[in-house]
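*Asks:* Pasting in a structure now, in C-alpha cells, and then I'll have a few things to ask.
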Amino acid sequence: MGAPHGSARNDSESMIVVGIDAVKKNDLIGALNIFRRVREMEPGSFDAPFWISIVQRRIGNLPEALMMARQALELDERNPHAQNQLGMCHLDMGQGDEAVGCFRRAVELAPNIGPIYDNLGRALQSIGRNSEAIAAFRQVLAIGPIRPGALFRLGDAFMLEPNVAEAARCARSILQIEPNSVQGNLLLSRALIGDGQVEEGAKFALRASELAPGNAVPVAYYGRALQSLGRIAEADVQFKRSIELEPRQGFAYHALVHNHKVTEDERPVIEKMEELSHDESLPRREIIQLEYGLGKALEDLGDYEAAMSHFDEANRIDHLLKVGVAPFRKDQLFETANFLIDTFGQGFIERHQVAASDSEVPIFVVGMMRAGTTLAEQILSSHSQIGGAGEQLFWPENAGSSEKVFGARVQAEPALDVVKLRKLIEEYLFVLGRIAPGKPRVVDKMNTNYLLLGLLHIAFPNARIVHMRRHPVDTCLSIWATPVANGIDLCGDKSNVVFAYQQYLRIMQHWREVLPADRLLDVQYEELVTDRERVTRQMVEFCGMPWDDACMKPEDNVRSVKTPSVWQVRQPVYKTSMQRWKKYEPWLGPFRELFDDLSAS
C-alpha cells in the first residue's frame, strides 16, 4: 500500500531542502537528481521544475532550463521568481526582448526586489535601451542596500550615454565602500579618460590591472589610455596582453587593429577575429567591435570587397541595437534644418546679440563627423597659445539644436531666453578656462555644433568658426566604417547617411549666407593635407594668433585624443585617406548620390 498523500508531500518538501543545500554546495548533478525525483513523486510541484531550471542554467543547458522555467510558471503564473528565472534564461540565450518582458512582469509582481530590477537593467542594455536601463539601475539603489556591483552597472550605463560626470560619481562611491575594487578603479579610469583627464585615468586603469592581474578588461583600458596619449607601441603591448588573457572579446581586437597599419603577418589575428565574429554567444557589442575591426584590417591589406562586407555587417548588427531606441527620423532632421534656416536670419541674429559676450576665447571647429575636425584641432592646439578642449557636449546638452534656449514668442517671432543664454555663456567660459587655463584661445571640436552656429555667433560674435569640409563620399564612407556608440541610427541604411549629409549641406550653406565672412572659415580637408603650410597659416591667422612652427607638427602634440582618429593624428599628416571611395567604388550603393553634391560640400 502506498504512503499517504501528506507523507509524500512532507518527503518531497524535505528532499527540496536537501536539493537546495546541494546547490549551495555546488553539487549540481546531485541536486538535479533530487529535484527530478521530487518531480516524479509530485508532478504538481512548483519547486521541482523551478530548481531544475536554476541548476540546468548553471550547468549551461539553456534549452532545458528555459523549458523548466516555463513549466514552473504554468504551475504558478504569478510567481515573480519564476518570471525572473525565465528572463535569465532568455538573457543567457541572447533573447533580450523576451528577457525584458519577463523582468517587467516580475517587477510588477514584486516591485521591491532590487535584484530583479538589476536583471531588467542588464536586459535593457543588451537591446540598446540604455536610458531605460539607467532608470532600472537607479531603482536597485533606491530599494537598497547600496552595493558596489549595482553602482558599477549604473556607472557603466552612464558611460554609454555618455555622461562621464555621473559615471565618475558612481565610481568614487564604489571606492568609498571598497577602495580596492577593480570595478571602481576601472570605471573611474574610463570616466576620467572620457572627460579628457587621460593621464589620471591611466593611473586608475593600471591600478585595476594590478588588483586583478588575470582580468583582461583593465589591461585593455590601460592600453586605450596609452593610445590616447600617443604611446602607440606601449598600447599595442597592452592590447595583445588583454587578448592573451581573454581571447573571446571584441574591444581589444578592435583597438589593436586601429592602433597601427595591419600587415600580412597578422593574418592569424584576422582569422581569430573572423572565427569570433560568428560566435553567437558573444554580446552583440563585442561582435560589432570585431566586424568594424575586420573591415579596417582587411582594408589595410587591400581586400576592399571583404572590408565593405564587414562594415555592412557591423552596421546591420548595430542597427538591431538602435532600432526603436534611437531611430533615424528623416522628417525630424528635415524639420530641424528648416527651423534653423527659417529662424536664424541676419535680422534675428542682430536683434538678439544683446546677450553677447565679447570673448574671443572659443574657436569652434565643426563639420560632418569624419571630415577632419580632429586633425584641425590637433593643428590649432599645437600652438603654444591655443588650448584644446576636445568634443565638448556643453552646447548640445544645454541648447539642443537651439530650441532649448527659446523662451516666449515676441509677436509672431520666437525669441531667445536672453537671461538663460547669458548664464550659459558664463558657464561655458568657465569650462574652457578650467580645461586650458590662461590660454587666449581654446578649441571646441564638437562637430555637431554646426547645427548651433547661429546661436553660437549670437553668444560669441568674436569667436572664430572653422568648418572642416571633405569629399562627401569619402566622409560618408568613413562614417559607415566607424562605430558610433550613441546617437541616431544612421547605421540602418547607407541612404540614412546620405540624407543626413544633404541636410548638413543645407544648414551650412545657410550659415555662410547669414554669418560674417571673417567669422566662418571653410577649410577643405584635401587642401589641408596637400598644401599644409599655406592652409595651416590661413587657419592660424584666421584665429587671430601669430604663427607658431609647432602647428606644422600636430603629430607631436602631447594632448590626449579620444576620437576614432586617435592613431591617424599621431602620424605625420598623410594623404592616403584622400579618394578612399575609389577603392570601394563597386560597393558604394546610395553613396553614389553624393557625387552630385560635390560643389556644395
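Just so we're on the same page: first chain in the C-alpha cells is A, next is B, and so on; residues restart at 1 for each chain, and ligands are numbered from 1 in the order they show up.
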Residues within 8 Å of Asn447 in chain A, please, as a PyMOL selection string. Count only C-alpha atoms; anything in the same chain fewer than 4 positions from it doesn't count.
*Replies:* chain A and resi 365-369+373+391
*Asks:* Residues of range 423-541 of chain A that have any atom at most 12 Å from an atom of range 296-306 of chain A: could you tabulate them with the shortest-distance atom pair and the distance in Å to one decimal, using only C-alpha atoms, ordered by chain and increasing number, as a Markdown table?
*Replies:*
```
| residue | atom | partner | partner_atom | distance |
| --- | --- | --- | --- | --- |
| A:Ser478 | CA | A:Lys296 | CA | 10.5 |
| A:Trp480 | CA | A:Lys296 | CA | 11.4 |
| A:Ala481 | CA | A:Lys296 | CA | 7.7 |
| A:Thr482 | CA | A:Lys296 | CA | 9.0 |
| A:Pro483 | CA | A:Lys296 | CA | 11.3 |
```
*Asks:* Would you mind exporting N, CA and C atoms of the selected residues as a PDB file, in the first residue's frame?
*Replies:*
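Final file, again.pdb:
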```
ATOM      1  N   SER A 478      33.552  56.943 -44.524  1.00  0.00           N
ATOM      2  CA  SER A 478      34.254  56.876 -43.246  1.00  0.00           C
ATOM      3  C   SER A 478      33.272  56.752 -42.084  1.00  0.00           C
ATOM      4  N   TRP A 480      30.408  55.245 -42.265  1.00  0.00           N
ATOM      5  CA  TRP A 480      29.923  53.861 -42.366  1.00  0.00           C
ATOM      6  C   TRP A 480      30.932  52.869 -41.786  1.00  0.00           C
ATOM      7  N   ALA A 481      32.214  53.216 -41.868  1.00  0.00           N
ATOM      8  CA  ALA A 481      33.283  52.306 -41.446  1.00  0.00           C
ATOM      9  C   ALA A 481      33.722  52.528 -40.005  1.00  0.00           C
ATOM     10  N   THR A 482      33.006  53.378 -39.267  1.00  0.00           N
ATOM     11  CA  THR A 482      33.435  53.757 -37.918  1.00  0.00           C
ATOM     12  C   THR A 482      32.305  53.552 -36.918  1.00  0.00           C
ATOM     13  N   PRO A 483      32.553  52.845 -35.804  1.00  0.00           N
ATOM     14  CA  PRO A 483      31.487  52.668 -34.810  1.00  0.00           C
ATOM     15  C   PRO A 483      31.132  53.972 -34.123  1.00  0.00           C
TER      16      PRO A 483
END
```
*Asks:* Choose the residue, out of A:Ala389, A:Leu321, A:Ala235, A:Ala31, that has the smallest atom-to-atom separation from Leu124 in chain A; count only C-alpha atoms.
*Replies:* A:Leu321
*Asks:* If you run DSSP on the backbone, which residues of range 95-270 of chain A are helix (DSSP H, G or I), as a VMD selection string?
*Replies:* chain A and resid 96 to 109 114 to 126 130 to 143 148 to 160 164 to 177 182 to 194 198 to 211 216 to 228 232 to 245 251 to 257 264 to 270
*Asks:* Pick out the residues sitting within 9 Å of range 209-211 of chain A, and hand them over as an MDAnalysis selection string; count only C-alpha atoms, and ignore anything fewer than 4 positions along from it in its own chain.
*Replies:* chainID A and resid 180:182 186 204:205 215:219 222
*Asks:* Now that the selection is made, can you save its residues with C-alpha atoms as a PDB file, in the first residue's frame?
*Replies:*
```pdb
ATOM      1  CA  ASN A 180      40.491  48.146  -3.758  1.00  0.00           C
ATOM      2  CA  SER A 181      37.525  47.476  -6.018  1.00  0.00           C
ATOM      3  CA  VAL A 182      38.662  46.509  -9.511  1.00  0.00           C
ATOM      4  CA  LEU A 186      38.226  50.697 -13.855  1.00  0.00           C
ATOM      5  CA  PHE A 204      43.316  54.053 -12.219  1.00  0.00           C
ATOM      6  CA  ALA A 205      43.319  51.602 -15.156  1.00  0.00           C
ATOM      7  CA  ASN A 215      41.493  40.337 -15.792  1.00  0.00           C
ATOM      8  CA  ALA A 216      41.664  41.339 -19.466  1.00  0.00           C
ATOM      9  CA  VAL A 217      39.348  44.356 -19.224  1.00  0.00           C
ATOM     10  CA  PRO A 218      41.510  46.823 -17.210  1.00  0.00           C
ATOM     11  CA  VAL A 219      44.525  45.829 -19.322  1.00  0.00           C
ATOM     12  CA  TYR A 222      45.052  50.886 -19.843  1.00  0.00           C
TER      13      TYR A 222
END
```
*Asks:* Choose the residue, out of A:Phe364, A:Trp511, A:Leu477, A:Gly544, that has the smallest atom-to-atom separation from Asn449 in chain A; count only C-alpha atoms.
*Replies:*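 Going through A:Phe364, A:Trp511, A:Leu477, A:Gly544 one by one, the smallest distance to Asn449 in chain A is for A:Phe364.
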*Asks:* Using only C-alpha atoms, which residues sit within 10 Å of Glu98 in chain A once same-chain residues fewer than 3 positions away are excluded, as a ChimeraX atom specification?
*Replies:* /A:86-91,94-95,101-103,123
*Asks:* For Ser281 in chain A, which of A:Arg57, A:Arg512, A:Lys582, A:Arg248 is the closest residue, counting only C-alpha atoms?
*Replies:*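 Of all the options, A:Arg248 lies closest to Ser281 in chain A.
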